[in-house]
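Next comes start-v1.tsv, with TSV, C-alpha atoms.
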```
chain	number	residue	atom	x	y	z
A	1	MET	CA	-2.33	-20.56	63.15
A	2	ARG	CA	-0.16	-20.72	66.27
A	3	LEU	CA	0.03	-24.12	67.98
A	4	LEU	CA	1.85	-25.50	70.99
A	5	LEU	CA	3.17	-29.07	70.80
A	6	VAL	CA	4.18	-30.70	74.10
A	7	GLU	CA	5.80	-34.01	73.14
A	8	ASP	CA	8.95	-35.65	74.52
A	9	ASP	CA	9.46	-38.26	71.77
A	10	PRO	CA	11.89	-36.64	69.29
A	11	LEU	CA	10.73	-38.68	66.30
A	12	VAL	CA	7.03	-38.10	66.93
A	13	GLY	CA	7.58	-34.46	67.77
A	14	ASP	CA	9.69	-33.80	64.68
A	15	GLY	CA	7.12	-35.49	62.46
A	16	ILE	CA	4.24	-33.41	63.86
A	17	HIS	CA	6.28	-30.20	63.81
A	18	THR	CA	7.38	-30.71	60.22
A	19	GLY	CA	3.98	-31.86	58.97
A	20	LEU	CA	1.96	-29.06	60.55
A	21	SER	CA	4.54	-26.44	59.55
A	22	GLN	CA	4.10	-27.57	55.95
A	23	GLN	CA	0.38	-26.92	56.38
A	24	GLY	CA	1.12	-23.30	57.25
A	25	CYS	CA	0.96	-23.64	61.05
A	26	ALA	CA	3.41	-21.90	63.37
A	27	VAL	CA	4.35	-24.66	65.83
A	28	ASP	CA	6.19	-24.12	69.11
A	29	TRP	CA	7.55	-27.47	70.32
A	30	VAL	CA	8.61	-28.23	73.90
A	31	MET	CA	9.60	-31.61	75.32
A	32	ASP	CA	8.48	-31.57	78.97
A	33	GLY	CA	5.55	-30.49	81.07
A	34	LEU	CA	7.24	-27.61	82.87
A	35	ASN	CA	8.27	-25.94	79.63
A	36	GLY	CA	4.77	-26.56	78.35
A	37	GLU	CA	3.32	-24.67	81.31
A	38	HIS	CA	5.81	-21.85	80.80
A	39	ALA	CA	4.84	-21.55	77.13
A	40	LEU	CA	1.14	-21.47	78.01
A	41	ALA	CA	1.76	-18.77	80.59
A	42	THR	CA	3.64	-16.52	78.18
A	43	GLU	CA	2.08	-17.10	74.73
A	44	ASP	CA	-1.39	-17.28	73.21
A	45	TYR	CA	-2.17	-20.41	71.20
A	46	GLU	CA	-5.11	-21.53	69.11
A	47	VAL	CA	-4.67	-25.22	69.96
A	48	VAL	CA	-2.42	-27.26	72.27
A	49	ILE	CA	-1.31	-30.79	71.33
A	50	LEU	CA	-0.41	-32.49	74.59
A	51	ASP	CA	1.25	-35.82	75.34
A	52	LEU	CA	0.53	-37.37	78.74
A	53	ASN	CA	3.75	-39.26	79.50
A	54	LEU	CA	5.98	-36.22	79.92
A	55	PRO	CA	9.13	-35.65	82.00
A	56	LYS	CA	9.21	-33.07	84.80
A	57	ARG	CA	5.41	-32.72	84.86
A	58	ASP	CA	2.89	-35.15	83.41
A	59	GLY	CA	0.30	-34.09	80.87
A	60	ILE	CA	-2.74	-34.53	83.13
A	61	THR	CA	-1.21	-32.18	85.69
A	62	VAL	CA	-0.39	-29.65	82.96
A	63	LEU	CA	-3.96	-29.87	81.72
A	64	LYS	CA	-5.52	-29.47	85.18
A	65	ASN	CA	-3.25	-26.54	86.00
A	66	LEU	CA	-4.15	-24.89	82.69
A	67	ARG	CA	-7.88	-25.14	83.36
A	68	THR	CA	-7.53	-23.73	86.88
A	69	THR	CA	-6.29	-20.50	85.28
A	70	ASN	CA	-9.52	-20.30	83.22
A	71	ASN	CA	-7.53	-20.65	80.01
A	72	ASN	CA	-10.00	-22.19	77.54
A	73	VAL	CA	-7.54	-22.88	74.71
A	74	PRO	CA	-8.57	-26.13	72.98
A	75	VAL	CA	-6.38	-29.07	74.03
A	76	LEU	CA	-5.96	-32.24	71.98
A	77	VAL	CA	-4.39	-35.04	73.99
A	78	LEU	CA	-2.13	-37.24	71.86
A	79	THR	CA	-0.86	-40.26	73.75
A	80	ALA	CA	-0.07	-43.97	73.70
A	81	ARG	CA	-2.41	-44.52	76.65
A	82	SER	CA	-5.32	-46.31	75.00
A	83	GLY	CA	-7.27	-47.52	78.04
A	84	ILE	CA	-10.81	-46.19	78.46
A	85	GLU	CA	-9.93	-45.01	81.99
A	86	ASP	CA	-7.06	-42.92	80.59
A	87	ARG	CA	-9.34	-41.36	77.98
A	88	ILE	CA	-11.97	-40.54	80.57
A	89	ALA	CA	-9.32	-39.02	82.86
A	90	GLY	CA	-7.98	-36.85	80.04
A	91	LEU	CA	-11.41	-35.61	78.98
A	92	ASP	CA	-12.54	-35.02	82.58
A	93	SER	CA	-9.35	-33.02	83.23
A	94	GLY	CA	-10.29	-30.56	80.47
A	95	ALA	CA	-9.17	-32.06	77.16
A	96	ASP	CA	-11.30	-31.23	74.12
A	97	ASP	CA	-10.23	-34.24	72.05
A	98	TYR	CA	-8.16	-37.40	72.49
A	99	MET	CA	-6.09	-39.31	69.90
A	100	ILE	CA	-4.17	-42.55	70.34
A	101	LYS	CA	-0.66	-43.16	68.96
A	102	PRO	CA	0.09	-44.25	66.31
A	103	PHE	CA	-2.00	-41.72	64.38
A	104	ASP	CA	-2.49	-40.26	60.92
A	105	LEU	CA	-1.13	-36.73	60.50
A	106	ASN	CA	-3.96	-35.74	58.16
A	107	GLU	CA	-6.51	-36.79	60.77
A	108	LEU	CA	-4.62	-34.83	63.43
A	109	TYR	CA	-4.73	-31.69	61.29
A	110	ALA	CA	-8.44	-32.24	60.58
A	111	ARG	CA	-9.17	-32.52	64.30
A	112	ILE	CA	-7.24	-29.32	64.94
A	113	ARG	CA	-9.39	-27.52	62.36
A	114	VAL	CA	-12.54	-28.86	64.03
A	115	LEU	CA	-11.41	-27.57	67.43
A	116	ILE	CA	-10.79	-24.11	66.01
A	117	ARG	CA	-14.11	-24.16	64.15
A	118	ARG	CA	-16.00	-25.08	67.31
A	119	ARG	CA	-14.22	-22.45	69.35
A	120	ASN	CA	-15.27	-19.80	66.84
A	121	GLY	CA	-18.84	-21.05	66.69
A	122	ARG	CA	-18.83	-22.21	63.08
A	123	SER	CA	-20.52	-25.37	61.84
A	124	SER	CA	-18.98	-25.31	58.36
A	125	SER	CA	-15.36	-25.61	57.34
A	126	LEU	CA	-15.85	-22.77	54.84
A	127	ILE	CA	-15.33	-19.20	56.02
A	128	LYS	CA	-17.33	-16.73	53.93
A	129	HIS	CA	-17.17	-12.96	53.65
A	130	GLY	CA	-19.14	-11.37	50.83
A	131	ASP	CA	-18.07	-13.04	47.61
A	132	ILE	CA	-14.93	-14.53	49.21
A	133	GLU	CA	-14.70	-18.12	50.48
A	134	LEU	CA	-11.72	-19.52	52.39
A	135	ASP	CA	-11.41	-23.26	53.01
A	136	PRO	CA	-8.83	-24.16	55.69
A	137	SER	CA	-9.05	-27.87	54.83
A	138	THR	CA	-7.80	-27.37	51.27
A	139	HIS	CA	-5.90	-24.08	51.74
A	140	THR	CA	-7.91	-22.50	48.94
A	141	VAL	CA	-9.47	-19.08	48.53
A	142	ARG	CA	-12.16	-18.34	45.98
A	143	ARG	CA	-13.73	-15.08	44.90
A	144	ARG	CA	-16.85	-15.16	42.72
A	145	ASN	CA	-16.18	-18.88	42.24
A	146	ARG	CA	-12.66	-18.23	40.90
A	147	GLU	CA	-9.67	-19.60	42.79
A	148	ILE	CA	-7.18	-16.98	43.98
A	149	THR	CA	-3.58	-18.03	44.58
A	150	LEU	CA	-2.12	-16.86	47.88
A	151	SER	CA	1.23	-17.65	49.42
A	152	ARG	CA	1.25	-19.75	52.61
A	153	ARG	CA	1.63	-16.71	54.86
A	154	GLU	CA	-0.80	-14.56	52.88
A	155	PHE	CA	-3.34	-17.35	53.41
A	156	SER	CA	-2.56	-17.41	57.15
A	157	VAL	CA	-3.05	-13.65	57.51
A	158	LEU	CA	-6.34	-13.74	55.63
A	159	HIS	CA	-7.45	-16.78	57.63
A	160	GLN	CA	-6.83	-14.96	60.92
A	161	LEU	CA	-8.67	-11.84	59.80
A	162	LEU	CA	-11.69	-13.76	58.48
A	163	GLU	CA	-11.86	-15.96	61.60
A	164	ASN	CA	-11.99	-12.73	63.62
A	165	GLU	CA	-14.29	-10.73	61.35
A	166	GLY	CA	-15.17	-7.40	62.93
A	167	LYS	CA	-12.25	-7.55	65.38
A	168	VAL	CA	-9.17	-5.40	64.95
A	169	LEU	CA	-6.03	-7.54	65.05
A	170	SER	CA	-2.71	-5.88	65.84
A	171	ARG	CA	0.41	-6.37	63.79
A	172	SER	CA	1.98	-8.33	66.67
A	173	ARG	CA	-1.09	-10.61	66.92
A	174	LEU	CA	-0.85	-11.41	63.22
A	175	GLU	CA	2.91	-11.96	63.45
A	176	ASP	CA	2.34	-14.40	66.31
A	177	SER	CA	0.06	-16.46	64.07
A	178	LEU	CA	2.74	-16.61	61.35
A	179	TYR	CA	5.96	-17.35	63.23
A	180	ALA	CA	7.03	-19.98	65.74
A	181	TRP	CA	9.95	-19.43	68.12
A	182	SER	CA	12.41	-20.96	65.65
A	183	ASP	CA	11.35	-18.74	62.74
A	184	GLU	CA	13.08	-15.53	61.77
A	185	VAL	CA	10.57	-12.66	61.69
A	186	GLU	CA	10.98	-10.48	58.64
A	187	SER	CA	10.57	-6.71	59.00
A	188	ASN	CA	7.26	-5.25	57.79
A	189	THR	CA	6.10	-8.76	56.93
A	190	VAL	CA	2.45	-8.19	57.92
A	191	GLU	CA	2.23	-4.97	55.93
A	192	VAL	CA	3.67	-6.72	52.87
A	193	HIS	CA	1.25	-9.64	53.12
A	194	VAL	CA	-1.74	-7.32	53.59
A	195	HIS	CA	-0.63	-5.33	50.54
A	196	HIS	CA	-0.48	-8.50	48.42
A	197	ILE	CA	-3.87	-9.73	49.65
A	198	ARG	CA	-5.46	-6.40	48.77
A	199	LYS	CA	-3.99	-6.55	45.27
A	200	LYS	CA	-5.45	-10.03	44.74
A	201	LEU	CA	-8.81	-9.69	46.49
A	202	GLY	CA	-9.62	-5.97	46.43
A	203	SER	CA	-8.28	-2.93	48.21
A	204	HIS	CA	-11.35	-2.56	50.45
A	205	LEU	CA	-11.31	-6.07	51.93
A	206	ILE	CA	-8.86	-5.31	54.74
A	207	ARG	CA	-9.07	-1.98	56.52
A	208	THR	CA	-6.16	-0.43	58.38
A	209	ILE	CA	-7.06	1.06	61.76
A	210	ARG	CA	-4.24	3.53	62.21
A	211	GLY	CA	-2.13	2.85	65.25
A	212	VAL	CA	-4.12	-0.27	66.13
A	213	GLY	CA	-4.07	-2.92	63.38
A	214	TYR	CA	-6.17	-4.51	60.64
A	215	VAL	CA	-9.78	-5.65	60.34
A	216	VAL	CA	-12.11	-7.35	57.88
A	217	GLY	CA	-15.74	-6.25	58.13
A	218	ASP	CA	-17.39	-3.66	60.32
A	219	THR	CA	-16.24	-3.18	63.90
A	220	PRO	CA	-18.82	-3.03	66.71
```
As structure tokens, how would this structure be written, given the file I've shared?
Amino acid sequence: MRLLLVEDDPLVGDGIHTGLSQQGCAVDWVMDGLNGEHALATEDYEVVILDLNLPKRDGITVLKNLRTTNNNVPVLVLTARSGIEDRIAGLDSGADDYMIKPFDLNELYARIRVLIRRRNGRSSSLIKHGDIELDPSTHTVRRRNREITLSRREFSVLHQLLENEGKVLSRSRLEDSLYAWSDEVESNTVEVHVHHIRKKLGSHLIRTIRGVGYVVGDTP
């Protein structure tokens, strides 16, 4: 899961970055509005966590500019502005959710999962494919009611493929979901993770579309 964090407070930003990275998220962190806009213009994200009191360009302006480009990435505003007028302004500018500082990191992660679930049109936290169930909230995978142990990045690859069942995802798309800017990308990492997932969950679960990428399920 690739996330963008736009937060100028170093303590808050480091706490979110560390906590979400431990949950298996790839988090790109910038500390001002202009760099936030640059990141949004050059990368694809599943969720944006956006502060409002930002240097160089405030969060409301970043949000409005984002929506004028028809980018519908879910945005969670995370700010110390607790007034009802501020909340209304954030939501009316295109935010999908709004949290007040101080906050609980577990609740933040839960709200991120809800935003992704809504964007993908799912009502349940469980993602099911045949006899396989993946639960993003507990980072567990079960097959025929038996828990299967996956590494953090194996889980992320499988999560992406199941969330996009029937869609062919390229190697670069899967790599983007695994690595933030600060991470070192290992060679052949996607191929290795797919190989391990197949060994644990069955060789026919993930199909390779030669020259294109990987898919779970039937393509249109």
Pick from A:Leu174, A:Val157, A:Val27, A:Thr68, whichever lies nearest to Gly15 (chain A) using all atoms listed in the file: A:Val27
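For the set A:Arg144, A:Glu191, A:Trp29, A:Ile60, the residue with the smallest atom-to-atom gap to Ile88 (chain A) is A:Ile60, counting all atoms listed in the file.
Every residue within 7 Å of the file position (-17.1, -17.2, 46.8), judged by only C-alpha atoms, is given as Asp131, Ile132, Glu133, Arg142, Arg143, Arg144 and Asn145 of chain A.
If only C-alpha atoms are the atoms counted, then among A:Lys167, A:Arg67, A:His204, A:Arg152 the closest residue to Thr138 (chain A) is A:Arg152.
The space between CA of Gly36 (chain A) and CA of Leu78 (chain A) spans 14.3 Å.
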Using only C-alpha atoms, determine which residues lie at most 12 Å from Gly13 (chain A), disregarding the query and same-chain residues fewer than 2 positions distant; provide the list as a VMD selection string. chain A and resid 4 to 11 15 to 21 27 to 32 49 to 51 78 to 79 105
Counting only C-alpha atoms, figure out which residue out of A:Ile100, A:Val48, A:Leu169, A:Ala95 gets nearest to Gly83 (chain A). A:Ile100
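In this model, the gap between CA of Val47 (chain A) and CA of Met1 (chain A) comes to 8.6 Å.
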Measuring between all atoms listed in the file, which one of A:Pro102, A:Leu150, A:Gln23, A:Asp96 shows the shortest distance to Ser137 (chain A)? A:Gln23
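Relative to CA of Glu154 (chain A), CA of Asn188 (chain A) is found at 13.3 Å.
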Using all atoms of region 151-163 of chain A that appear in the file, construct an axis-aligned enclosing box with 4 Å of padding on every side and provide its centre coordinates and edge lengths in Å, rounded to one decimal, as JSON.
```
{"center_x": -5.1, "center_y": -15.8, "center_z": 55.5, "size_x": 21.5, "size_y": 15.9, "size_z": 20.2}
```
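Using only C-alpha atoms, the protein and nucleic acid residues lying no more than 9 Å from Phe155 (chain A), apart from those fewer than 6 places from it along its own chain, are Gly24, Leu134, His139, Thr140, Val141, Thr149, His193 and Ile197 of chain A.
Residues with at least one atom no more than 10 Å from (-9.9, -27.8, 63.8), using only C-alpha atoms, are Glu46, Val47, Pro74, Leu108, Tyr109, Ala110, Arg111, Ile112, Arg113, Val114, Leu115, Ile116, Arg117, Arg118, Arg119, Ser125, Pro136 and Ser137 of chain A.
Taking all atoms listed in the file into account, Val12 (chain A) lies nearest to A:Ala80 out of the set A:Leu63, A:Ala80, A:Ile148, A:Ile127.
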Just want the 12 Å neighbourhood of Lys64 (chain A), counted on all atoms listed in the file, with same-chain residues fewer than 2 positions away dropped. Output as an MDAnalysis selection string. chainID A and resid 33 37 52 57:62 66:72 75 89:95
